[in-house]
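S.K.: Quick one: this structure, given as structure tokens, is what I'll be asking you about.
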Amino acid sequence: MHLHKPSLPFPRKELLRPMPLPAEFHDIAERVNNWGRWGAEDERGTLNLVTDEVVRTAAAEVRSGRRIPLALPLKEDGVQVGMIPGRVNPLHTMVQINQEIFGPGTVACSDDAVTMGLQAGTHWDALTHVSHSGTIYNGRPADTITAHGRARFSGIDKAGPIVSRGVLLDVARAKGLDRLVGGHAVTPQDLAEAEEFAGVTVRPGDIVLVRTGQIQLYLAGDKHGYGFPSPGLSVRTPEWFHARDVAAVANDTLTFEIFPPEIEDLWLAVHALDLVEMGMHQGQNWDLEKLSTACAEENRYTFLLSAMPEPFTGAVGTPVSPVALF
């Protein structure tokens, strides 16, 4: 599809042509489907792979105590450009400033408030963030997400603590690049090459972080260039993650998957395969630049990752402030 306005990082809704999900999508969906794997009542998906033993083993990754923050600053001039209605950058307001609420001469208080889209910055997508064919994860109907009740099942509050071994698959560095080009679809072969470059084997319960270098554009002030065109995960990567029993995946792009899509007019196919079929939480807008440098300096690409979701009841996403600990 040709986009006529180069300043627009996403196609406007009226430019999209509806396209039924093709046979290729359904074939992959059948191979990665986890519905019922952890029982008919499950709402956490692949986070079930993060067992107590996985966390105990992951804790051994902390040796020096070095901490690398992975979140973008929350500010009014954030990554959002207004394409998605309601997904606003944080609007920060002071609601009281040095107010002596208990009377003159008493201790004064300052308070503030924020209005923002829960997926506006560095965030996790809940399993209910997308649906397809009228369903969400574990075969539940998509209409269980309502304006008043929000997500009845698999809201982000159902995820629980997200702490496990993190693995950086630095696809850009493994290719000797500072940043992947905008049209690069990260393939299973790319992931395997980055795994080999890192000298690590991805194992069940790991949280995989995929670095493309794309976020450099946002950090340099090019918000539109950051969003479009964007490298990202190929529709073929869910099978790679499924085969390795990965618990969750995050990367350093706005759209997570390659954008525009590799299959013409098949929008958000990777979202649907990861979240709906596999039940695997995914994260976007993670700043992996300092982590890439730290991993190269430490000569290891594994660490303890703490990426606790904010427990908004029934929410389909949440801001997160992840930290990698060496």
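Ligands are numbered from 1 in the order shown, residues from 1 within each chain, and chains are lettered A, B, ... in the order they appear in the structure tokens.
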Quick one: everything within 8 Å of Met308 in chain A, counting only C-alpha atoms, minus sequence neighbours fewer than 6 positions away in the same chain. Send it as a PyMOL selection string.

M.R.: chain A and resi 160-163+320-322

S.K.: Restricted to C-alpha atoms, what would the selected residues look like written as a PDB file, in the first residue's frame?

M.R.:
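What ended up in again00.pdb:
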```pdb
ATOM      1  CA  GLY A 160       0.960 -10.711  38.181  1.00  0.00           C
ATOM      2  CA  PRO A 161       4.636  -9.976  38.843  1.00  0.00           C
ATOM      3  CA  ILE A 162       6.851 -10.138  35.763  1.00  0.00           C
ATOM      4  CA  VAL A 163      10.369 -11.013  36.874  1.00  0.00           C
ATOM      5  CA  VAL A 320       6.118  -0.229  32.776  1.00  0.00           C
ATOM      6  CA  SER A 321       9.527   0.881  34.014  1.00  0.00           C
ATOM      7  CA  PRO A 322      11.732  -2.161  33.383  1.00  0.00           C
TER       8      PRO A 322
END
```

S.K.: Set the distance at 12 Å and use only C-alpha atoms: which residues neighbour Val130 in chain A once local chain neighbours fewer than 6 positions away are removed? I'd like the list as a list in words.

M.R.: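 Counting only the stated atoms, we get Ile136, Tyr137, Pro141, Ala142, Asp143, Ile145, Ala151, Ser154, Gly155, Trp267, Leu268, Ala269, Val270, His271, Ala272, Leu273, Asp274, Leu275, Val276, Glu277, Gly279, Met280, His281, Gln282, Val316 and Gly317 of chain A.
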
S.K.: Can you write out the residues you just picked, keeping N, CA, C and O atoms, as a tab-separated table (two decimals), in the first residue's frame?

M.R.:
```
chain	number	residue	atom	x	y	z
A	136	ILE	N	-10.50	-13.61	21.94
A	136	ILE	CA	-9.27	-13.24	22.63
A	136	ILE	C	-8.61	-14.52	23.12
A	136	ILE	O	-9.06	-15.62	22.80
A	137	TYR	N	-7.53	-14.37	23.87
A	137	TYR	CA	-6.78	-15.53	24.34
A	137	TYR	C	-7.66	-16.57	25.04
A	137	TYR	O	-8.58	-16.23	25.76
A	141	PRO	N	-14.75	-14.96	24.12
A	141	PRO	CA	-15.30	-13.99	23.16
A	141	PRO	C	-14.75	-12.59	23.40
A	141	PRO	O	-14.57	-12.15	24.55
A	142	ALA	N	-14.49	-11.89	22.31
A	142	ALA	CA	-13.94	-10.54	22.40
A	142	ALA	C	-14.91	-9.57	23.04
A	142	ALA	O	-14.49	-8.54	23.58
A	143	ASP	N	-16.22	-9.87	23.02
A	143	ASP	CA	-17.17	-8.93	23.61
A	143	ASP	C	-17.19	-8.99	25.13
A	143	ASP	O	-18.02	-8.32	25.76
A	145	ILE	N	-14.82	-7.70	26.58
A	145	ILE	CA	-14.18	-6.40	26.82
A	145	ILE	C	-15.25	-5.34	26.58
A	145	ILE	O	-15.77	-5.21	25.47
A	151	ALA	N	-11.78	-5.24	30.56
A	151	ALA	CA	-11.51	-6.62	30.17
A	151	ALA	C	-11.92	-7.55	31.30
A	151	ALA	O	-11.31	-7.55	32.37
A	154	SER	N	-8.22	-11.75	31.45
A	154	SER	CA	-6.86	-11.48	30.98
A	154	SER	C	-6.51	-10.00	30.90
A	154	SER	O	-5.72	-9.58	30.04
A	155	GLY	N	-7.11	-9.18	31.79
A	155	GLY	CA	-6.63	-7.81	31.93
A	155	GLY	C	-5.21	-7.83	32.46
A	155	GLY	O	-4.72	-8.85	32.98
A	267	TRP	N	-2.60	-6.17	8.79
A	267	TRP	CA	-2.14	-5.31	9.88
A	267	TRP	C	-2.20	-6.05	11.22
A	267	TRP	O	-3.16	-6.75	11.52
A	268	LEU	N	-1.16	-5.87	12.02
A	268	LEU	CA	-1.08	-6.38	13.39
A	268	LEU	C	-1.20	-7.91	13.47
A	268	LEU	O	-1.71	-8.45	14.46
A	269	ALA	N	-0.70	-8.59	12.47
A	269	ALA	CA	-0.75	-10.06	12.47
A	269	ALA	C	0.08	-10.65	13.60
A	269	ALA	O	-0.33	-11.63	14.23
A	270	VAL	N	1.25	-10.06	13.88
A	270	VAL	CA	2.10	-10.59	14.94
A	270	VAL	C	1.45	-10.37	16.30
A	270	VAL	O	1.50	-11.23	17.17
A	271	HIS	N	0.81	-9.20	16.47
A	271	HIS	CA	0.05	-8.98	17.70
A	271	HIS	C	-0.97	-10.10	17.91
A	271	HIS	O	-1.09	-10.65	19.01
A	272	ALA	N	-1.71	-10.41	16.86
A	272	ALA	CA	-2.77	-11.41	16.98
A	272	ALA	C	-2.21	-12.79	17.29
A	272	ALA	O	-2.77	-13.54	18.11
A	273	LEU	N	-1.09	-13.14	16.67
A	273	LEU	CA	-0.49	-14.45	16.93
A	273	LEU	C	0.09	-14.53	18.34
A	273	LEU	O	-0.10	-15.54	19.04
A	274	ASP	N	0.78	-13.48	18.76
A	274	ASP	CA	1.39	-13.48	20.10
A	274	ASP	C	0.34	-13.42	21.20
A	274	ASP	O	0.33	-14.25	22.12
A	275	LEU	N	-0.52	-12.42	21.13
A	275	LEU	CA	-1.43	-12.15	22.24
A	275	LEU	C	-2.63	-13.09	22.25
A	275	LEU	O	-2.97	-13.66	23.31
A	276	VAL	N	-3.27	-13.26	21.12
A	276	VAL	CA	-4.50	-14.05	21.06
A	276	VAL	C	-4.21	-15.55	21.02
A	276	VAL	O	-4.76	-16.32	21.80
A	277	GLU	N	-3.36	-15.98	20.11
A	277	GLU	CA	-3.14	-17.40	19.90
A	277	GLU	C	-2.19	-18.00	20.94
A	277	GLU	O	-2.49	-19.02	21.56
A	279	GLY	N	-0.92	-16.35	23.69
A	279	GLY	CA	-1.06	-15.85	25.05
A	279	GLY	C	0.25	-15.33	25.59
A	279	GLY	O	0.56	-15.51	26.77
A	280	MET	N	1.03	-14.64	24.75
A	280	MET	CA	2.33	-14.12	25.14
A	280	MET	C	2.29	-12.60	25.20
A	280	MET	O	2.04	-11.94	24.19
A	281	HIS	N	2.52	-12.04	26.37
A	281	HIS	CA	2.55	-10.59	26.52
A	281	HIS	C	3.71	-10.02	25.71
A	281	HIS	O	4.77	-10.64	25.59
A	282	GLN	N	3.49	-8.81	25.17
A	282	GLN	CA	4.55	-8.17	24.41
A	282	GLN	C	4.67	-6.71	24.82
A	282	GLN	O	3.71	-6.08	25.25
A	316	VAL	N	-6.15	-3.16	29.29
A	316	VAL	CA	-5.59	-3.94	28.18
A	316	VAL	C	-4.14	-3.56	27.90
A	316	VAL	O	-3.56	-3.99	26.90
A	317	GLY	N	-3.54	-2.80	28.78
A	317	GLY	CA	-2.13	-2.46	28.69
A	317	GLY	C	-1.72	-1.70	29.93
A	317	GLY	O	-2.57	-1.32	30.75
```

S.K.: Have a look at A:Val181, A:Ala172, A:Leu74, A:Val200 and name the one nearest to Thr122 in chain A; count only C-alpha atoms.

M.R.: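 Distance minimum relative to Thr122 in chain A lands on A:Leu74.
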
S.K.: Write down as a VMD selection string the residues belonging to range 76-303 of chain A that are assigned alpha helix (DSSP H) by DSSP computed on the backbone.

M.R.: chain A and resid 171 to 174 188 to 198 215 to 219 223 to 227 237 to 243 269 to 271 289 to 298

S.K.: Per DSSP on the backbone, what are the strand (DSSP E) residues of range 139-206 of chain A, as a PyMOL selection string?

M.R.: chain A and resi 145-146+150-151+163-170+185-186

S.K.: Output as CSV one row per residue of range 216-258 of chain A within 8 Å of range 188-199 of chain A: the closest atom pair and its distance in Å to one decimal place, counting only C-alpha atoms, sorted by chain and residue number ascending.

M.R.:
```
residue,atom,partner,partner_atom,distance
A:Arg236,CA,A:Pro188,CA,6.7
A:Thr237,CA,A:Pro188,CA,5.3
A:Trp240,CA,A:Pro188,CA,6.0
```

S.K.: Could you save those same residues with all heavy atoms as a tab-separated table (two decimals), in the first residue's frame?

M.R.:
```
chain	number	residue	atom	x	y	z
A	236	ARG	N	6.64	-14.59	11.06
A	236	ARG	CA	7.20	-15.94	11.25
A	236	ARG	C	7.89	-16.11	12.61
A	236	ARG	O	8.28	-17.22	12.97
A	236	ARG	CB	8.15	-16.27	10.11
A	236	ARG	CG	7.43	-16.36	8.77
A	236	ARG	CD	8.35	-16.33	7.56
A	236	ARG	NE	7.55	-16.38	6.33
A	236	ARG	CZ	6.96	-15.32	5.77
A	236	ARG	NH1	7.10	-14.13	6.34
A	236	ARG	NH2	6.25	-15.45	4.68
A	237	THR	N	8.07	-15.03	13.36
A	237	THR	CA	8.77	-15.15	14.65
A	237	THR	C	7.96	-15.81	15.76
A	237	THR	O	8.56	-16.41	16.66
A	237	THR	CB	9.27	-13.77	15.13
A	237	THR	OG1	8.17	-12.86	15.20
A	237	THR	CG2	10.33	-13.23	14.19
A	240	TRP	N	9.10	-19.24	16.42
A	240	TRP	CA	10.41	-19.33	17.06
A	240	TRP	C	10.27	-19.19	18.58
A	240	TRP	O	10.85	-19.96	19.34
A	240	TRP	CB	11.32	-18.24	16.50
A	240	TRP	CG	12.79	-18.41	16.76
A	240	TRP	CD1	13.70	-19.06	15.98
A	240	TRP	CD2	13.53	-17.89	17.89
A	240	TRP	NE1	14.95	-19.00	16.56
A	240	TRP	CE2	14.88	-18.28	17.72
A	240	TRP	CE3	13.18	-17.15	19.02
A	240	TRP	CZ2	15.87	-17.96	18.64
A	240	TRP	CZ3	14.17	-16.83	19.93
A	240	TRP	CH2	15.50	-17.23	19.75
```

S.K.: Pick out the residues sitting within 8 Å of range 302-304 of chain A, and hand them over as a list in words; count only C-alpha atoms, and ignore anything fewer than 2 positions along from it in its own chain.

M.R.: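 So, after excluding close chain neighbours, the residues are Ala58, Ala59, Ala60, Glu61, Val62, Val163, Ser164, Arg165, Gly166, Val167, Leu168, Val200, Cys295, Arg300, Ser306, Ala324, Leu325 and Phe326 of chain A.
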
S.K.: For the selection just defined, write its residues with N, CA and C atoms to a file, as a PDB file, in the first residue's frame.

M.R.:
```
ATOM      1  N   ALA A  58      17.138 -17.276  37.723  1.00  0.00           N
ATOM      2  CA  ALA A  58      17.371 -15.946  37.157  1.00  0.00           C
ATOM      3  C   ALA A  58      18.059 -15.023  38.156  1.00  0.00           C
ATOM      4  N   ALA A  59      17.760 -15.192  39.437  1.00  0.00           N
ATOM      5  CA  ALA A  59      18.359 -14.334  40.463  1.00  0.00           C
ATOM      6  C   ALA A  59      19.882 -14.452  40.478  1.00  0.00           C
ATOM      7  N   ALA A  60      20.405 -15.584  40.035  1.00  0.00           N
ATOM      8  CA  ALA A  60      21.851 -15.787  39.998  1.00  0.00           C
ATOM      9  C   ALA A  60      22.522 -14.919  38.936  1.00  0.00           C
ATOM     10  N   GLU A  61      21.737 -14.298  38.057  1.00  0.00           N
ATOM     11  CA  GLU A  61      22.298 -13.405  37.051  1.00  0.00           C
ATOM     12  C   GLU A  61      22.838 -12.113  37.667  1.00  0.00           C
ATOM     13  N   VAL A  62      22.399 -11.786  38.879  1.00  0.00           N
ATOM     14  CA  VAL A  62      22.842 -10.550  39.525  1.00  0.00           C
ATOM     15  C   VAL A  62      24.184 -10.800  40.204  1.00  0.00           C
ATOM     16  N   VAL A 163       8.940 -10.992  36.532  1.00  0.00           N
ATOM     17  CA  VAL A 163      10.369 -11.013  36.874  1.00  0.00           C
ATOM     18  C   VAL A 163      10.922 -12.339  36.388  1.00  0.00           C
ATOM     19  N   SER A 164      11.970 -12.284  35.590  1.00  0.00           N
ATOM     20  CA  SER A 164      12.558 -13.525  35.084  1.00  0.00           C
ATOM     21  C   SER A 164      13.940 -13.220  34.531  1.00  0.00           C
ATOM     22  N   ARG A 165      14.569 -14.237  33.954  1.00  0.00           N
ATOM     23  CA  ARG A 165      15.813 -13.984  33.247  1.00  0.00           C
ATOM     24  C   ARG A 165      15.492 -13.245  31.960  1.00  0.00           C
ATOM     25  N   GLY A 166      16.200 -12.150  31.731  1.00  0.00           N
ATOM     26  CA  GLY A 166      16.080 -11.431  30.484  1.00  0.00           C
ATOM     27  C   GLY A 166      17.209 -11.818  29.553  1.00  0.00           C
ATOM     28  N   VAL A 167      16.904 -11.867  28.271  1.00  0.00           N
ATOM     29  CA  VAL A 167      17.903 -12.147  27.247  1.00  0.00           C
ATOM     30  C   VAL A 167      17.796 -11.071  26.189  1.00  0.00           C
ATOM     31  N   LEU A 168      18.897 -10.371  25.926  1.00  0.00           N
ATOM     32  CA  LEU A 168      18.911  -9.395  24.847  1.00  0.00           C
ATOM     33  C   LEU A 168      19.367 -10.071  23.567  1.00  0.00           C
ATOM     34  N   VAL A 200      24.366 -17.368  23.934  1.00  0.00           N
ATOM     35  CA  VAL A 200      23.363 -17.769  24.914  1.00  0.00           C
ATOM     36  C   VAL A 200      22.328 -18.645  24.230  1.00  0.00           C
ATOM     37  N   CYS A 295      25.594  -4.790  27.825  1.00  0.00           N
ATOM     38  CA  CYS A 295      25.811  -6.204  27.506  1.00  0.00           C
ATOM     39  C   CYS A 295      27.161  -6.406  26.822  1.00  0.00           C
ATOM     40  N   ARG A 300      28.112 -10.301  28.305  1.00  0.00           N
ATOM     41  CA  ARG A 300      27.036 -11.272  28.504  1.00  0.00           C
ATOM     42  C   ARG A 300      25.706 -10.589  28.213  1.00  0.00           C
ATOM     43  N   SER A 306      13.384  -7.109  35.836  1.00  0.00           N
ATOM     44  CA  SER A 306      12.181  -6.776  36.603  1.00  0.00           C
ATOM     45  C   SER A 306      11.357  -5.819  35.756  1.00  0.00           C
ATOM     46  N   ALA A 324      17.059  -3.829  34.028  1.00  0.00           N
ATOM     47  CA  ALA A 324      17.918  -5.000  33.857  1.00  0.00           C
ATOM     48  C   ALA A 324      19.011  -4.944  34.913  1.00  0.00           C
ATOM     49  N   LEU A 325      19.214  -6.039  35.627  1.00  0.00           N
ATOM     50  CA  LEU A 325      20.185  -6.094  36.713  1.00  0.00           C
ATOM     51  C   LEU A 325      21.273  -7.113  36.374  1.00  0.00           C
ATOM     52  N   PHE A 326      22.519  -6.670  36.446  1.00  0.00           N
ATOM     53  CA  PHE A 326      23.677  -7.529  36.158  1.00  0.00           C
ATOM     54  C   PHE A 326      24.385  -7.953  37.448  1.00  0.00           C
TER      55      PHE A 326
END
```

S.K.: So which residues touch Tyr218 in chain A within 12 Å, counting only C-alpha atoms, skipping near sequence neighbours fewer than 4 positions away, as a ChimeraX atom specification?

M.R.: /A:72-73,77-81,121,213-214,222-228,230,252-254,285-287,289

S.K.: Keeping only N, CA and C atoms, write the selected residues as a PDB file, in the first residue's frame.

M.R.:
```pdb
ATOM      1  N   LEU A  72      11.372   4.816  28.613  1.00  0.00           N
ATOM      2  CA  LEU A  72      11.451   6.190  28.146  1.00  0.00           C
ATOM      3  C   LEU A  72      10.884   7.134  29.208  1.00  0.00           C
ATOM      4  N   PRO A  73      11.351   8.363  29.265  1.00  0.00           N
ATOM      5  CA  PRO A  73      10.754   9.337  30.174  1.00  0.00           C
ATOM      6  C   PRO A  73       9.280   9.557  29.809  1.00  0.00           C
ATOM      7  N   ASP A  77       5.661  15.532  25.522  1.00  0.00           N
ATOM      8  CA  ASP A  77       6.186  15.369  24.167  1.00  0.00           C
ATOM      9  C   ASP A  77       6.752  13.953  24.035  1.00  0.00           C
ATOM     10  N   GLY A  78       5.869  12.962  24.210  1.00  0.00           N
ATOM     11  CA  GLY A  78       6.282  11.569  24.157  1.00  0.00           C
ATOM     12  C   GLY A  78       6.227  11.002  22.756  1.00  0.00           C
ATOM     13  N   VAL A  79       6.157   9.669  22.665  1.00  0.00           N
ATOM     14  CA  VAL A  79       6.279   9.010  21.364  1.00  0.00           C
ATOM     15  C   VAL A  79       5.009   9.079  20.527  1.00  0.00           C
ATOM     16  N   GLN A  80       3.874   9.383  21.137  1.00  0.00           N
ATOM     17  CA  GLN A  80       2.617   9.367  20.384  1.00  0.00           C
ATOM     18  C   GLN A  80       2.484  10.604  19.499  1.00  0.00           C
ATOM     19  N   VAL A  81       1.927  10.391  18.305  1.00  0.00           N
ATOM     20  CA  VAL A  81       1.764  11.489  17.350  1.00  0.00           C
ATOM     21  C   VAL A  81       0.303  11.769  17.029  1.00  0.00           C
ATOM     22  N   GLY A 121       3.671   5.132  26.355  1.00  0.00           N
ATOM     23  CA  GLY A 121       5.128   5.112  26.401  1.00  0.00           C
ATOM     24  C   GLY A 121       5.655   3.695  26.425  1.00  0.00           C
ATOM     25  N   GLY A 213      17.472  -1.024  17.220  1.00  0.00           N
ATOM     26  CA  GLY A 213      18.097   0.293  17.164  1.00  0.00           C
ATOM     27  C   GLY A 213      17.156   1.386  16.705  1.00  0.00           C
ATOM     28  N   GLN A 214      15.901   1.039  16.381  1.00  0.00           N
ATOM     29  CA  GLN A 214      14.947   2.001  15.838  1.00  0.00           C
ATOM     30  C   GLN A 214      14.679   3.168  16.780  1.00  0.00           C
ATOM     31  N   ASP A 222      13.205  12.513  16.052  1.00  0.00           N
ATOM     32  CA  ASP A 222      12.438  12.207  14.841  1.00  0.00           C
ATOM     33  C   ASP A 222      11.289  11.260  15.193  1.00  0.00           C
ATOM     34  N   LYS A 223      10.195  11.813  15.712  1.00  0.00           N
ATOM     35  CA  LYS A 223       9.068  10.988  16.155  1.00  0.00           C
ATOM     36  C   LYS A 223       8.388  10.276  14.987  1.00  0.00           C
ATOM     37  N   HIS A 224       8.210  10.962  13.884  1.00  0.00           N
ATOM     38  CA  HIS A 224       7.534  10.344  12.746  1.00  0.00           C
ATOM     39  C   HIS A 224       8.402   9.262  12.127  1.00  0.00           C
ATOM     40  N   GLY A 225       9.685   9.531  12.004  1.00  0.00           N
ATOM     41  CA  GLY A 225      10.600   8.523  11.467  1.00  0.00           C
ATOM     42  C   GLY A 225      10.696   7.301  12.357  1.00  0.00           C
ATOM     43  N   TYR A 226      10.538   7.516  13.649  1.00  0.00           N
ATOM     44  CA  TYR A 226      10.541   6.393  14.587  1.00  0.00           C
ATOM     45  C   TYR A 226       9.376   5.447  14.312  1.00  0.00           C
ATOM     46  N   GLY A 227       8.212   6.008  14.010  1.00  0.00           N
ATOM     47  CA  GLY A 227       7.031   5.169  13.827  1.00  0.00           C
ATOM     48  C   GLY A 227       6.930   4.524  12.466  1.00  0.00           C
ATOM     49  N   PHE A 228       7.447   5.211  11.424  1.00  0.00           N
ATOM     50  CA  PHE A 228       7.213   4.709  10.069  1.00  0.00           C
ATOM     51  C   PHE A 228       8.286   5.228   9.126  1.00  0.00           C
ATOM     52  N   SER A 230       9.167   1.192   9.956  1.00  0.00           N
ATOM     53  CA  SER A 230       9.837   0.638  11.124  1.00  0.00           C
ATOM     54  C   SER A 230      10.233  -0.822  10.912  1.00  0.00           C
ATOM     55  N   ASP A 252      12.233  -2.388  20.835  1.00  0.00           N
ATOM     56  CA  ASP A 252      12.496  -0.945  20.874  1.00  0.00           C
ATOM     57  C   ASP A 252      11.847  -0.216  19.712  1.00  0.00           C
ATOM     58  N   THR A 253      10.617  -0.605  19.379  1.00  0.00           N
ATOM     59  CA  THR A 253       9.888   0.053  18.297  1.00  0.00           C
ATOM     60  C   THR A 253       8.506   0.470  18.775  1.00  0.00           C
ATOM     61  N   LEU A 254       7.864   1.316  17.977  1.00  0.00           N
ATOM     62  CA  LEU A 254       6.518   1.784  18.308  1.00  0.00           C
ATOM     63  C   LEU A 254       5.473   0.720  18.017  1.00  0.00           C
ATOM     64  N   ASN A 285       8.259   0.193  22.788  1.00  0.00           N
ATOM     65  CA  ASN A 285       8.902   1.452  23.193  1.00  0.00           C
ATOM     66  C   ASN A 285       9.882   1.247  24.344  1.00  0.00           C
ATOM     67  N   TRP A 286      10.552   0.108  24.365  1.00  0.00           N
ATOM     68  CA  TRP A 286      11.584  -0.128  25.373  1.00  0.00           C
ATOM     69  C   TRP A 286      12.897   0.446  24.849  1.00  0.00           C
ATOM     70  N   ASP A 287      13.569   1.228  25.672  1.00  0.00           N
ATOM     71  CA  ASP A 287      14.848   1.815  25.292  1.00  0.00           C
ATOM     72  C   ASP A 287      15.953   0.808  25.606  1.00  0.00           C
ATOM     73  N   GLU A 289      19.076   0.898  24.217  1.00  0.00           N
ATOM     74  CA  GLU A 289      20.389   1.398  23.804  1.00  0.00           C
ATOM     75  C   GLU A 289      21.446   1.240  24.901  1.00  0.00           C
TER      76      GLU A 289
END
```

S.K.: Restricting the calculation to only C-alpha atoms, which member of A:Ile258, A:Leu266, A:Ala294, A:Val246 is positioned closest to Met278 in chain A?

M.R.: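 Between A:Ile258, A:Leu266, A:Ala294, A:Val246, the residue approaching Met278 in chain A most closely is A:Val246.
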
S.K.: Report as a list of chain:residue names all protein, DNA and RNA residues lying within 12 Å of Arg37 in chain A, evaluated on only C-alpha atoms, omitting residues in the same chain fewer than 4 positions from it.

M.R.: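 Here the answer would be A:Val32, A:Asn33, A:Glu41, A:Asp42, A:Glu43, A:Arg44, A:Gly45, A:Thr46, A:Asn48, A:Leu49, A:Tyr137, A:Asn138, A:Gly139, A:Glu277, A:Met278, A:Gly279.
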
S.K.: Would you pick out the contacts of Gln99 in chain A at 8 Å or less, using only C-alpha atoms, so that residues sharing its chain but fewer than 4 positions from it are not included, and give the list as a PyMOL selection string?

M.R.: chain A and resi 108-110

S.K.: Name all residues at most 7 Å from Met116 in chain A (count only C-alpha atoms; drop same-chain ones fewer than 3 positions away) and give them as a list in words.

M.R.: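 Non-adjacent residues within range: Arg87, Val88, Asn89, Pro90, Leu91 and Ala120 of chain A.
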
S.K.: Would you please work out which residue, of A:Leu219, A:Val208, A:Leu233, A:Ala315, is nearest to Thr187 in chain A when using only C-alpha atoms?

M.R.: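 Of all the options, A:Leu233 lies closest to Thr187 in chain A.
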
S.K.: One decimal, in Å: what's the spacing between CA of Lys158 in chain A and CA of Arg67 in chain A?

M.R.: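 A separation of 27.0 Å between them.
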
S.K.: From the set A:Gln216, A:Gly86, A:Asp206, A:Leu127, which residue has the shortest atom-to-atom contact distance to Phe153 in chain A, counting only C-alpha atoms?

M.R.: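 For Phe153 in chain A, the nearest of the given residues is A:Leu127.
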